[in-house]
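Chemist: Okay, so here is entry19.cif, and as you'll see once you scroll down, it has mmCIF, C-alpha atoms.
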data_entry
loop_
_atom_site.label_atom_id
_atom_site.label_comp_id
_atom_site.auth_asym_id
_atom_site.auth_seq_id
_atom_site.Cartn_x
_atom_site.Cartn_y
_atom_site.Cartn_z
CA MET A 20 63.26 150.69 56.39
CA LEU A 21 66.36 151.17 58.56
CA LEU A 22 65.96 147.63 59.87
CA GLU A 23 65.65 146.27 56.38
CA ILE A 24 68.79 148.15 55.31
CA ALA A 25 70.69 146.90 58.36
CA ALA A 26 69.61 143.30 57.89
CA TYR A 27 70.48 143.16 54.21
CA PHE A 28 73.89 144.79 54.49
CA CYS A 29 74.82 142.68 57.53
CA VAL A 30 74.27 139.56 55.41
CA LEU A 31 76.13 141.09 52.45
CA SER A 32 79.02 141.97 54.77
CA ILE A 33 79.72 138.31 55.53
CA PHE A 34 79.72 137.46 51.82
CA SER A 35 82.00 140.29 50.74
CA VAL A 36 85.13 138.18 50.36
CA GLY A 37 87.40 140.17 48.08
CA GLY A 38 85.77 143.47 49.02
CA LEU A 39 83.16 145.55 47.22
CA PRO A 40 83.75 144.24 43.67
CA SER A 41 82.72 140.75 44.74
CA VAL A 42 79.33 141.79 46.08
CA MET A 43 78.50 144.38 43.42
CA PRO A 44 76.48 141.93 41.26
CA GLU A 45 74.54 140.76 44.31
CA MET A 46 73.91 144.31 45.52
CA GLN A 47 72.77 145.37 42.06
CA ARG A 48 70.49 142.35 41.84
CA TYR A 49 68.87 143.07 45.19
CA VAL A 50 68.74 146.88 45.19
CA VAL A 51 67.67 147.26 41.54
CA GLU A 52 65.98 144.04 40.45
CA VAL A 53 64.45 142.55 43.60
CA LYS A 54 63.56 145.65 45.64
CA ALA A 55 63.54 148.36 42.95
CA TRP A 56 65.02 150.77 45.50
CA MET A 57 66.98 152.41 42.67
CA SER A 58 66.77 152.39 38.87
CA PRO A 59 69.66 150.73 37.00
CA ALA A 60 70.91 154.18 35.97
CA GLU A 61 70.70 155.58 39.52
CA PHE A 62 72.60 152.61 40.86
CA MET A 63 75.35 152.96 38.28
CA GLN A 64 75.69 156.65 39.05
CA ALA A 65 75.89 156.03 42.79
CA PHE A 66 78.60 153.52 41.99
CA ALA A 67 80.41 156.11 39.86
CA VAL A 68 80.29 158.71 42.65
CA GLY A 69 81.55 156.09 45.12
CA GLN A 70 84.45 155.23 42.82
CA ALA A 71 85.41 158.81 42.07
CA ALA A 72 85.27 160.05 45.68
CA PRO A 73 88.29 159.35 47.88
CA GLY A 74 88.04 156.57 50.41
CA PRO A 75 87.06 152.92 50.53
CA ASN A 76 84.71 152.21 47.59
CA MET A 77 82.58 150.24 50.05
CA LEU A 78 81.04 153.65 50.80
CA ILE A 79 78.63 153.10 47.92
CA VAL A 80 76.46 151.26 50.46
CA SER A 81 76.05 154.51 52.38
CA LEU A 82 74.84 156.15 49.15
CA VAL A 83 72.19 153.45 48.82
CA GLY A 84 71.28 154.04 52.49
CA TRP A 85 71.20 157.81 51.93
CA HIS A 86 68.94 157.40 48.90
CA LEU A 87 66.50 155.35 50.97
CA ALA A 88 66.55 156.98 54.41
CA GLY A 89 68.83 160.02 54.52
CA LEU A 90 71.75 160.36 56.93
CA ALA A 91 70.51 157.65 59.28
CA GLY A 92 70.22 155.27 56.35
CA ALA A 93 73.75 156.14 55.23
CA LEU A 94 75.22 155.44 58.68
CA VAL A 95 73.21 152.26 59.21
CA ALA A 96 74.20 150.87 55.80
CA LEU A 97 77.90 151.62 56.35
CA PHE A 98 78.07 150.07 59.83
CA ALA A 99 75.98 147.08 58.79
CA MET A 100 78.24 146.50 55.80
CA CYS A 101 81.45 146.76 57.81
CA GLY A 102 80.39 145.50 61.25
CA PRO A 103 80.11 141.72 60.79
CA ALA A 104 83.21 141.65 58.59
CA ALA A 105 85.09 143.71 61.20
CA VAL A 106 84.10 141.32 63.99
CA LEU A 107 85.33 138.45 61.85
CA ALA A 108 88.61 140.26 61.11
CA TRP A 109 89.09 140.94 64.81
CA TRP A 110 88.56 137.31 65.66
CA ALA A 111 90.42 135.82 62.71
CA SER A 112 93.60 137.87 62.88
CA GLY A 113 94.89 135.90 65.90
CA LEU A 114 93.91 132.54 64.42
CA TRP A 115 95.44 133.37 61.06
CA ASP A 116 98.88 134.08 62.54
CA ARG A 117 98.76 130.96 64.69
CA PHE A 118 98.06 128.69 61.72
CA LYS A 119 100.44 130.44 59.35
CA ASP A 120 102.10 127.37 57.83
CA THR A 121 99.40 124.75 58.30
CA PRO A 122 98.05 122.96 55.20
CA TRP A 123 94.45 123.98 55.74
CA ARG A 124 95.21 127.66 55.76
CA GLN A 125 96.96 127.19 52.43
CA ALA A 126 94.08 125.06 51.10
CA ILE A 127 91.61 127.82 52.02
CA GLN A 128 93.76 130.44 50.31
CA ARG A 129 93.98 128.35 47.14
CA ALA A 130 90.25 127.55 47.21
CA ILE A 131 89.18 131.16 47.61
CA ALA A 132 91.38 132.69 44.91
CA PRO A 133 89.41 131.53 41.81
CA ILE A 134 86.06 132.34 43.46
CA VAL A 135 87.16 135.90 44.19
CA VAL A 136 88.35 136.28 40.59
CA GLY A 137 84.99 135.02 39.29
CA MET A 138 83.07 137.35 41.61
CA ILE A 139 85.12 140.44 40.73
CA LEU A 140 84.91 139.73 37.01
CA SER A 141 81.13 139.44 37.37
CA GLY A 142 81.10 142.73 39.26
CA GLY A 143 82.76 144.55 36.38
CA VAL A 144 80.53 143.04 33.71
CA VAL A 145 77.30 143.60 35.63
CA ILE A 146 78.09 147.26 36.30
CA ALA A 147 79.06 147.86 32.67
CA THR A 148 75.70 146.37 31.62
CA PRO A 149 73.12 148.32 33.62
CA ASP A 150 70.25 147.59 31.22
CA ALA A 151 69.06 144.33 29.71
CA THR A 152 70.56 145.16 26.32
CA PRO A 153 74.32 145.75 26.42
CA ASP A 154 75.53 149.21 25.37
CA TRP A 155 78.70 148.87 23.28
CA ARG A 156 79.86 152.32 24.39
CA LEU A 157 79.91 151.31 28.05
CA TRP A 158 81.69 148.08 27.17
CA LEU A 159 84.25 150.03 25.13
CA ILE A 160 85.03 152.32 28.09
CA ALA A 161 85.18 149.38 30.51
CA GLY A 162 87.33 147.28 28.15
CA ALA A 163 89.79 150.11 27.48
CA THR A 164 90.06 150.82 31.23
CA ALA A 165 90.61 147.15 32.02
CA ALA A 166 93.38 146.97 29.42
CA GLY A 167 94.97 150.15 30.79
CA ALA A 168 94.79 148.87 34.37
CA VAL A 169 96.44 145.57 33.42
CA LEU A 170 99.13 146.97 31.13
CA THR A 171 100.16 150.16 32.97
CA LYS A 172 100.74 151.37 36.53
CA VAL A 173 98.98 154.69 36.04
CA ASN A 174 96.98 156.07 39.01
CA PRO A 175 93.39 154.76 38.59
CA LEU A 176 92.04 158.30 38.89
CA TRP A 177 93.28 159.03 35.36
CA PHE A 178 91.26 156.12 34.02
CA LEU A 179 88.14 157.37 35.80
CA ALA A 180 88.74 160.83 34.33
CA ALA A 181 89.24 159.40 30.83
CA GLY A 182 86.08 157.33 31.28
CA GLY A 183 84.19 160.49 32.21
CA LEU A 184 85.46 162.31 29.12
CA LEU A 185 84.60 159.39 26.84
CA GLY A 186 81.19 159.12 28.49
CA GLY A 187 80.56 162.83 27.87
CA ALA A 188 81.59 162.46 24.22
CA LEU A 189 79.82 159.20 23.37
CA LEU A 190 76.69 158.93 25.52
CA MET B 7 113.64 147.70 58.76
CA SER B 8 114.67 148.04 62.39
CA ASP B 9 113.49 151.64 62.62
CA VAL B 10 109.82 150.66 62.69
CA THR B 11 107.89 152.38 65.48
CA PRO B 12 104.18 151.71 66.00
CA PRO B 13 101.95 154.70 66.85
CA ARG B 14 102.52 155.78 70.45
CA ASN B 15 98.95 156.62 71.37
CA LEU B 16 95.38 156.56 70.10
CA SER B 17 95.40 160.12 68.78
CA GLU B 18 98.45 159.36 66.65
CA LEU B 19 96.65 156.29 65.35
CA PHE B 20 93.52 158.31 64.58
CA ILE B 21 95.42 161.07 62.78
CA GLY B 22 97.33 158.51 60.72
CA PHE B 23 94.19 156.76 59.50
CA LEU B 24 92.49 160.11 58.97
CA ALA B 25 95.41 161.01 56.68
CA ILE B 26 94.94 157.77 54.74
CA GLY B 27 91.21 158.34 54.28
CA ALA B 28 91.63 162.01 53.38
CA ARG B 29 94.11 161.37 50.58
CA SER B 30 92.85 158.09 49.16
CA PHE B 31 91.83 159.30 45.72
CA GLY B 32 91.79 156.43 43.26
CA GLY B 33 92.14 153.64 45.81
CA VAL B 34 92.94 153.35 49.51
CA MET B 35 95.59 150.64 49.39
CA PRO B 36 98.43 152.68 47.84
CA TRP B 37 97.84 155.46 50.37
CA ALA B 38 97.69 153.06 53.29
CA TYR B 39 101.09 151.80 52.18
CA ARG B 40 102.54 155.25 51.75
CA VAL B 41 101.31 156.60 55.10
CA MET B 42 101.93 153.57 57.32
CA VAL B 43 105.08 152.10 55.75
CA GLU B 44 106.89 155.01 54.11
CA GLU B 45 105.89 158.15 56.00
CA ARG B 46 105.13 157.10 59.56
CA ARG B 47 107.05 153.82 59.55
CA TRP B 48 104.49 152.07 61.72
CA LEU B 49 105.27 148.70 60.16
CA SER B 50 107.58 147.07 57.63
CA ALA B 51 106.68 146.44 54.00
CA GLU B 52 106.63 142.66 54.60
CA ASP B 53 104.37 143.09 57.59
CA PHE B 54 102.05 145.29 55.52
CA THR B 55 101.82 142.72 52.72
CA GLU B 56 101.15 139.93 55.18
CA THR B 57 98.37 141.91 56.89
CA ILE B 58 96.74 142.89 53.60
CA GLY B 59 96.95 139.25 52.50
CA LEU B 60 94.81 138.25 55.45
CA CYS B 61 92.41 141.14 54.87
CA GLN B 62 91.90 140.28 51.21
CA PHE B 63 90.89 136.83 52.21
CA LEU B 64 88.38 138.03 54.81
CA PRO B 65 85.05 139.56 53.87
CA GLY B 66 84.78 143.35 54.11
CA PRO B 67 86.73 146.30 52.72
CA ASN B 68 90.43 145.37 52.70
CA VAL B 69 91.84 148.49 54.28
CA GLY B 70 88.86 148.66 56.66
CA ASN B 71 89.81 145.21 57.89
CA ALA B 72 93.45 146.25 58.08
CA SER B 73 92.43 149.13 60.36
CA ILE B 74 90.70 146.62 62.65
CA VAL B 75 93.61 144.14 62.67
CA LEU B 76 96.36 146.75 63.16
CA GLY B 77 94.36 148.77 65.69
CA LYS B 78 93.85 145.60 67.69
CA ARG B 79 97.52 144.71 67.53
CA TRP B 80 98.61 148.10 68.85
CA PHE B 81 95.85 149.15 71.27
CA GLY B 82 93.25 146.38 71.50
CA LEU B 83 89.56 147.09 70.95
CA ALA B 84 89.94 150.85 71.39
CA GLY B 85 92.63 150.82 68.70
CA SER B 86 90.39 148.97 66.25
CA LEU B 87 87.52 151.40 66.75
CA VAL B 88 89.71 154.50 66.55
CA ALA B 89 91.54 153.32 63.41
CA PHE B 90 88.30 152.32 61.67
CA LEU B 91 86.55 155.60 62.47
CA GLY B 92 89.63 157.59 61.41
CA LEU B 93 89.72 155.79 58.08
CA PHE B 94 86.04 156.26 57.25
CA ALA B 95 85.25 159.69 58.78
CA LEU B 96 86.34 162.02 55.97
CA PRO B 97 85.52 159.78 52.98
CA PHE B 98 82.01 159.29 54.42
CA VAL B 99 81.41 163.04 54.56
CA TRP B 100 82.87 163.60 51.11
CA VAL B 101 81.04 160.88 49.30
CA LEU B 102 77.68 162.05 50.71
CA THR B 103 78.44 165.68 49.89
CA LEU B 104 79.46 164.78 46.35
CA PHE B 105 76.37 162.65 45.90
CA ALA B 106 74.06 165.37 47.23
CA PHE B 107 75.58 167.96 44.88
CA TYR B 108 75.41 165.52 42.04
CA ALA B 109 71.74 164.72 42.66
CA ASP B 110 70.94 168.45 42.60
CA PHE B 111 72.77 169.17 39.36
CA ALA B 112 72.16 165.97 37.44
CA ALA B 113 68.38 166.24 37.25
CA GLY B 114 68.35 168.79 34.42
CA ASN B 115 71.77 168.03 33.02
CA PRO B 116 72.07 165.02 30.71
CA ALA B 117 75.69 165.91 29.79
CA LEU B 118 76.75 165.58 33.44
CA ARG B 119 74.88 162.29 33.70
CA ALA B 120 76.75 161.01 30.64
CA VAL B 121 80.10 161.94 32.19
CA VAL B 122 79.26 160.23 35.48
CA THR B 123 77.99 157.14 33.66
CA GLY B 124 81.32 157.08 31.79
CA VAL B 125 83.14 157.20 35.14
CA GLY B 126 81.00 154.28 36.29
CA ALA B 127 81.88 152.27 33.19
CA ALA B 128 85.58 153.01 33.79
CA GLY B 129 85.13 151.85 37.39
CA ALA B 130 83.62 148.64 36.06
CA GLY B 131 86.67 148.32 33.81
CA MET B 132 88.93 148.68 36.86
CA PHE B 133 87.15 145.70 38.39
CA ILE B 134 87.71 143.64 35.25
CA GLY B 135 91.38 144.68 35.25
CA THR B 136 91.71 143.63 38.91
CA ALA B 137 90.14 140.26 38.11
CA ILE B 138 92.61 139.74 35.26
CA LYS B 139 95.58 140.66 37.47
CA LEU B 140 94.44 138.38 40.29
CA GLY B 141 93.58 135.61 37.83
CA ARG B 142 96.86 135.54 35.93
CA PRO B 143 98.82 133.46 38.46
CA ILE B 144 96.12 130.76 38.54
CA ALA B 145 95.07 130.89 34.87
CA GLY B 146 97.23 127.87 33.94
CA ASN B 147 95.19 125.63 36.21
CA PRO B 148 92.11 124.05 34.53
CA ALA B 149 90.26 123.54 37.82
CA ALA B 150 90.75 127.19 38.76
CA LEU B 151 89.55 128.31 35.32
CA ALA B 152 86.48 126.09 35.64
CA ILE B 153 85.60 127.67 39.00
CA ILE B 154 86.12 131.19 37.65
CA ALA B 155 83.87 130.40 34.66
CA ALA B 156 81.21 128.72 36.80
CA CYS B 157 81.10 131.65 39.24
CA PHE B 158 80.85 134.09 36.34
CA LEU B 159 78.03 132.15 34.68
CA CYS B 160 76.03 131.83 37.91
CA ILE B 161 76.52 135.42 39.11
CA ALA B 162 76.80 137.64 36.02
CA VAL B 163 74.75 135.66 33.50
CA GLY B 164 72.33 133.65 35.66
CA ARG B 165 72.03 136.47 38.25
CA LEU B 166 71.81 133.94 41.06
CA SER B 167 72.08 135.21 44.63
CA LEU B 168 75.55 135.21 46.15
CA VAL B 169 74.03 133.70 49.27
CA ILE B 170 73.59 130.48 47.26
CA VAL B 171 76.58 130.71 44.92
CA LEU B 172 79.31 131.47 47.45
CA PRO B 173 78.76 128.55 49.88
CA VAL B 174 78.42 126.03 47.02
CA ALA B 175 81.47 127.38 45.20
CA LEU B 176 83.48 127.44 48.41
CA GLY B 177 82.57 123.82 49.20
CA LEU B 178 83.50 122.61 45.73
CA SER B 179 86.65 124.68 45.64
CA LEU B 180 87.83 123.42 49.04
CA LEU B 181 87.25 119.85 47.87
CA LEU B 182 89.38 120.48 44.78
CA ALA B 183 92.07 122.18 46.86
CA ARG B 184 92.17 119.25 49.30
CA ARG B 185 92.69 116.87 46.38
CA GLY B 186 95.57 118.96 45.13
CA TRP B 187 93.84 120.16 41.96
CA LEU B 188 94.07 123.83 42.85
#
Do you think you could lay out the structure here as structure tokens?
Modeler:
Amino acid sequence: MLLEIAAYFCVLSIFSVGGLPSVMPEMQRYVVEVKAWMSPAEFMQAFAVGQAAPGPNMLIVSLVGWHLAGLAGALVALFAMCGPAAVLAWWASGLWDRFKDTPWRQAIQRAIAPIVVGMILSGGVVIATPDATPDWRLWLIAGATAAGAVLTKVNPLWFLAAGGLLGGALL
Amino acid sequence: MSDVTPPRNLSELFIGFLAIGARSFGGVMPWAYRVMVEERRWLSAEDFTETIGLCQFLPGPNVGNASIVLGKRWFGLAGSLVAFLGLFALPFVWVLTLFAFYADFAAGNPALRAVVTGVGAAGAGMFIGTAIKLGRPIAGNPAALAIIAACFLCIAVGRLSLVIVLPVALGLSLLLARRGWL
């Protein structure tokens, strides 16, 4: 089990351009649909705890690891998720500075931007739709939060708190 | 900003990143900025933005990558490891503790589950908000909109694996960028 966790999150690590939001749909697909390691509801709640707790939201992977194999699973998942990306960051940071004004660095930046937007948008929609049939209440909370995040500069914690209150009232 | 002074030793680096991790309610990035640029003056605002720019483009958690890149710049490999561990140490403990408590209480408590599900939906909304903010500067470009829509259809609607979608999208997107369409 630990090996399986390590292998999967190592692969996911390399694909996590744009951070956690980009790989959320893929993680949900694999953890819930392919492997059935967690139910859709469990996965969403692990995500919620990961969002509400302080720290990098990437820590949700350690909650998946914890759910499957306790503390060892949590540590393995976290290091697998961050390790390959960290090695890449270590190696790329020198290169990136050296090629600062070259056309291909700018081409890569322009090419990646719309993909990251598409991936993050998918992440939001997939999480707000944990079951096959969409729940308008979840979409209402997600839509209101998205609007608030775009239109105001309020600390995101307030939106999470408001989402919790609305969830308690509506669900 | 001439009064910028990088951390003098590894323990200063560790404490600094520990402080970022400990306080990062509601997102790490704003706290990373506050601690490293405003409080400790380890680097200038421009330098911070430049570093985060690189880290957003790389896979992995943005601030996690920043800890690797900055740690390397100041102290080499040891710096990267120390900064990374400092950043993740406290949040790791807290998120597991919170989750363990939650699992204990939630079983017989549907009201609590509803609240946490609401928090999850709000978190999903934050993602959508981030996508809108990142997408605004490129929304006037039809090629960029087509790629955004195609990625969304493949990932969110078609539920295809990212392992297939990302390389194909990246290839197509690079081609468009080389032709000057992006």
Chemist: Please list as a ChimeraX atom specification every residue within 10 Å of Ala71 (chain A), counting all atoms listed in the file and excluding residues in the same chain fewer than 6 positions away.
Modeler: /A:65,175-176,179-180 /B:31-33,101,104,122,125-126,129
Chemist: Determine, counting all atoms listed in the file, which protein, DNA and RNA residues have an atom within 10 Å of an atom of Arg184 (chain B); residues of the same chain fewer than 6 positions away are not included. Present the result as a list in words.
Modeler: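 After dropping sequence-adjacent residues, the list is Pro122, Trp123, Gln125, Ala126, Ile127, Arg129 and Ala130 of chain A; Leu178 of chain B.
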Chemist: Which one is closest to chain B: A:Ala25, A:Val51, A:Met20, A:Val106? Count only C-alpha atoms.
Modeler: A:Val106
Chemist: Residues picked by the PyMOL selection byres ((chain B) within 6 of (chain A)) here, as a ChimeraX atom specification?
Modeler: /B:27,30-32,34,62,64-67,71,75,97,101,120-128,130-135,137,141,150,154,157-158,162,168,179-180,183
Chemist: Report the distance between CA of Val173 (chain A) and CA of Val41 (chain B) in Å, rounded to one decimal place.
Modeler: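 The value is 19.3 Å.
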Chemist: Given the choices B:Ile161, B:Arg40, B:Arg79, B:Ile153, which gets closest to Leu181 (chain B) if the distance is worked out from all atoms listed in the file?
Modeler: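 The answer is B:Ile153, which sits nearest to Leu181 (chain B).
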Chemist: First collect every listed atom of region 8-18 of chain B; then fit an axis-aligned box around them, widen it by 3 Å on each side, and give centre and edge lengths in Å to one decimal, as AutoDock Vina command-line options.
Modeler:
--center_x 105.0 --center_y 154.1 --center_z 66.9 --size_x 25.3 --size_y 18.1 --size_z 15.0
Chemist: To one decimal place in Å, what is the distance between CA of Leu76 (chain B) and CA of Lys139 (chain B)?
Modeler: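 Going from CA of Leu76 (chain B) over to CA of Lys139 (chain B) covers 26.4 Å.
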Chemist: What's around Val69 (chain B) at 9 Å? Count all atoms listed in the file, leave out sequence neighbours fewer than 4 positions away in its own chain, and write the answer as a ChimeraX atom specification.
Modeler: /A:75 /B:34-35,38,58,61-62,73-74,93
Chemist: Take the residues from that selection and write them out as an mmCIF file, in the coordinates of the input, keeping C-alpha atoms.
Modeler:
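Below is the file that was written, out29.cif:
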data_model
loop_
_atom_site.group_PDB
_atom_site.id
_atom_site.type_symbol
_atom_site.label_atom_id
_atom_site.label_comp_id
_atom_site.auth_asym_id
_atom_site.auth_seq_id
_atom_site.Cartn_x
_atom_site.Cartn_y
_atom_site.Cartn_z
ATOM 1 C CA PRO A 75 87.060 152.920 50.530
ATOM 2 C CA VAL B 34 92.940 153.350 49.510
ATOM 3 C CA MET B 35 95.590 150.640 49.390
ATOM 4 C CA ALA B 38 97.690 153.060 53.290
ATOM 5 C CA ILE B 58 96.740 142.890 53.600
ATOM 6 C CA CYS B 61 92.410 141.140 54.870
ATOM 7 C CA GLN B 62 91.900 140.280 51.210
ATOM 8 C CA SER B 73 92.430 149.130 60.360
ATOM 9 C CA ILE B 74 90.700 146.620 62.650
ATOM 10 C CA LEU B 93 89.720 155.790 58.080
#
Chemist: Give me, please, the distance in Å between CA of Phe105 (chain B) and CA of Ser58 (chain A), quoted to one decimal.
Modeler: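 Separation of CA of Phe105 (chain B) and CA of Ser58 (chain A): 15.7 Å.
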Chemist: Which residues are close to Thr11 (chain B), i.e. within 8 Å by all atoms listed in the file, leaving aside same-chain residues fewer than 2 positions away? Reply as a CSV table (one decimal) with C-alpha atoms, in the frame of the given file.
Modeler:
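Okay, this is what ended up in result31.csv:
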chain,number,residue,atom,x,y,z
B,9,ASP,CA,113.5,151.6,62.6
B,13,PRO,CA,102.0,154.7,66.8
B,47,ARG,CA,107.0,153.8,59.6
B,48,TRP,CA,104.5,152.1,61.7
B,49,LEU,CA,105.3,148.7,60.2
Chemist: Specify as a CSV table (one decimal) with C-alpha atoms, in the frame of the given file each residue included when the PyMOL selection byres ((chain B and resi 85-87) around 8) is applied to this file.
Modeler:
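See selection_20.csv below for the written result:
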chain,number,residue,atom,x,y,z
B,16,LEU,CA,95.4,156.6,70.1
B,19,LEU,CA,96.6,156.3,65.4
B,73,SER,CA,92.4,149.1,60.4
B,74,ILE,CA,90.7,146.6,62.6
B,75,VAL,CA,93.6,144.1,62.7
B,76,LEU,CA,96.4,146.8,63.2
B,77,GLY,CA,94.4,148.8,65.7
B,78,LYS,CA,93.8,145.6,67.7
B,79,ARG,CA,97.5,144.7,67.5
B,80,TRP,CA,98.6,148.1,68.8
B,81,PHE,CA,95.8,149.2,71.3
B,82,GLY,CA,93.2,146.4,71.5
B,83,LEU,CA,89.6,147.1,71.0
B,84,ALA,CA,89.9,150.8,71.4
B,88,VAL,CA,89.7,154.5,66.6
B,89,ALA,CA,91.5,153.3,63.4
B,90,PHE,CA,88.3,152.3,61.7
B,91,LEU,CA,86.6,155.6,62.5
Chemist: Is it possible to dump region 88-143 of chain A as a PDB file, in the first residue's frame, including just C-alpha atoms?
Modeler:
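File produced: result_23.pdb:
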ATOM      1  CA  ALA A  88      -2.058   3.756   5.991  1.00  0.00           C
ATOM      2  CA  GLY A  89      -1.857   5.971   9.077  1.00  0.00           C
ATOM      3  CA  LEU A  90       1.123   8.195   9.878  1.00  0.00           C
ATOM      4  CA  ALA A  91       3.488   6.363   7.534  1.00  0.00           C
ATOM      5  CA  GLY A  92       0.993   6.797   4.718  1.00  0.00           C
ATOM      6  CA  ALA A  93       0.669  10.508   5.498  1.00  0.00           C
ATOM      7  CA  LEU A  94       4.443  11.045   5.385  1.00  0.00           C
ATOM      8  CA  VAL A  95       4.950   8.928   2.277  1.00  0.00           C
ATOM      9  CA  ALA A  96       2.166  10.734   0.401  1.00  0.00           C
ATOM     10  CA  LEU A  97       3.499  14.181   1.326  1.00  0.00           C
ATOM     11  CA  PHE A  98       7.108  13.448   0.349  1.00  0.00           C
ATOM     12  CA  ALA A  99       6.063  11.655  -2.826  1.00  0.00           C
ATOM     13  CA  MET A 100       3.861  14.588  -3.802  1.00  0.00           C
ATOM     14  CA  CYS A 101       6.553  17.191  -3.134  1.00  0.00           C
ATOM     15  CA  GLY A 102       9.767  15.278  -3.875  1.00  0.00           C
ATOM     16  CA  PRO A 103       9.861  15.081  -7.686  1.00  0.00           C
ATOM     17  CA  ALA A 104       8.552  18.639  -8.009  1.00  0.00           C
ATOM     18  CA  ALA A 105      11.187  19.821  -5.515  1.00  0.00           C
ATOM     19  CA  VAL A 106      13.980  18.134  -7.471  1.00  0.00           C
ATOM     20  CA  LEU A 107      12.698  19.826 -10.605  1.00  0.00           C
ATOM     21  CA  ALA A 108      12.528  23.208  -8.843  1.00  0.00           C
ATOM     22  CA  TRP A 109      16.078  22.743  -7.573  1.00  0.00           C
ATOM     23  CA  TRP A 110      17.327  21.974 -11.041  1.00  0.00           C
ATOM     24  CA  ALA A 111      15.214  24.502 -12.921  1.00  0.00           C
ATOM     25  CA  SER A 112      15.855  27.562 -10.778  1.00  0.00           C
ATOM     26  CA  GLY A 113      19.367  28.021 -12.219  1.00  0.00           C
ATOM     27  CA  LEU A 114      18.243  27.409 -15.794  1.00  0.00           C
ATOM     28  CA  TRP A 115      15.289  29.750 -15.456  1.00  0.00           C
ATOM     29  CA  ASP A 116      17.456  32.706 -14.426  1.00  0.00           C
ATOM     30  CA  ARG A 117      19.970  32.010 -17.167  1.00  0.00           C
ATOM     31  CA  PHE A 118      17.314  32.062 -19.899  1.00  0.00           C
ATOM     32  CA  LYS A 119      15.373  34.982 -18.469  1.00  0.00           C
ATOM     33  CA  ASP A 120      14.819  36.932 -21.694  1.00  0.00           C
ATOM     34  CA  THR A 121      15.010  34.173 -24.280  1.00  0.00           C
ATOM     35  CA  PRO A 122      11.994  33.631 -26.571  1.00  0.00           C
ATOM     36  CA  TRP A 123      11.438  30.020 -25.585  1.00  0.00           C
ATOM     37  CA  ARG A 124      11.072  30.797 -21.921  1.00  0.00           C
ATOM     38  CA  GLN A 125       8.409  33.323 -22.861  1.00  0.00           C
ATOM     39  CA  ALA A 126       6.741  30.846 -25.247  1.00  0.00           C
ATOM     40  CA  ILE A 127       6.564  28.257 -22.452  1.00  0.00           C
ATOM     41  CA  GLN A 128       5.063  30.798 -20.071  1.00  0.00           C
ATOM     42  CA  ARG A 129       2.423  31.786 -22.621  1.00  0.00           C
ATOM     43  CA  ALA A 130       1.674  28.155 -23.510  1.00  0.00           C
ATOM     44  CA  ILE A 131       1.217  27.058 -19.910  1.00  0.00           C
ATOM     45  CA  ALA A 132      -1.048  29.892 -18.755  1.00  0.00           C
ATOM     46  CA  PRO A 133      -4.316  28.755 -20.442  1.00  0.00           C
ATOM     47  CA  ILE A 134      -3.714  25.108 -19.481  1.00  0.00           C
ATOM     48  CA  VAL A 135      -3.303  26.025 -15.822  1.00  0.00           C
ATOM     49  CA  VAL A 136      -6.498  28.096 -15.970  1.00  0.00           C
ATOM     50  CA  GLY A 137      -8.387  25.156 -17.512  1.00  0.00           C
ATOM     51  CA  MET A 138      -7.022  22.743 -14.909  1.00  0.00           C
ATOM     52  CA  ILE A 139      -7.834  24.983 -11.934  1.00  0.00           C
ATOM     53  CA  LEU A 140     -11.331  25.705 -13.222  1.00  0.00           C
ATOM     54  CA  SER A 141     -11.893  21.957 -13.564  1.00  0.00           C
ATOM     55  CA  GLY A 142     -10.610  21.487 -10.015  1.00  0.00           C
ATOM     56  CA  GLY A 143     -13.234  23.848  -8.624  1.00  0.00           C
TER      57      GLY A 143
END
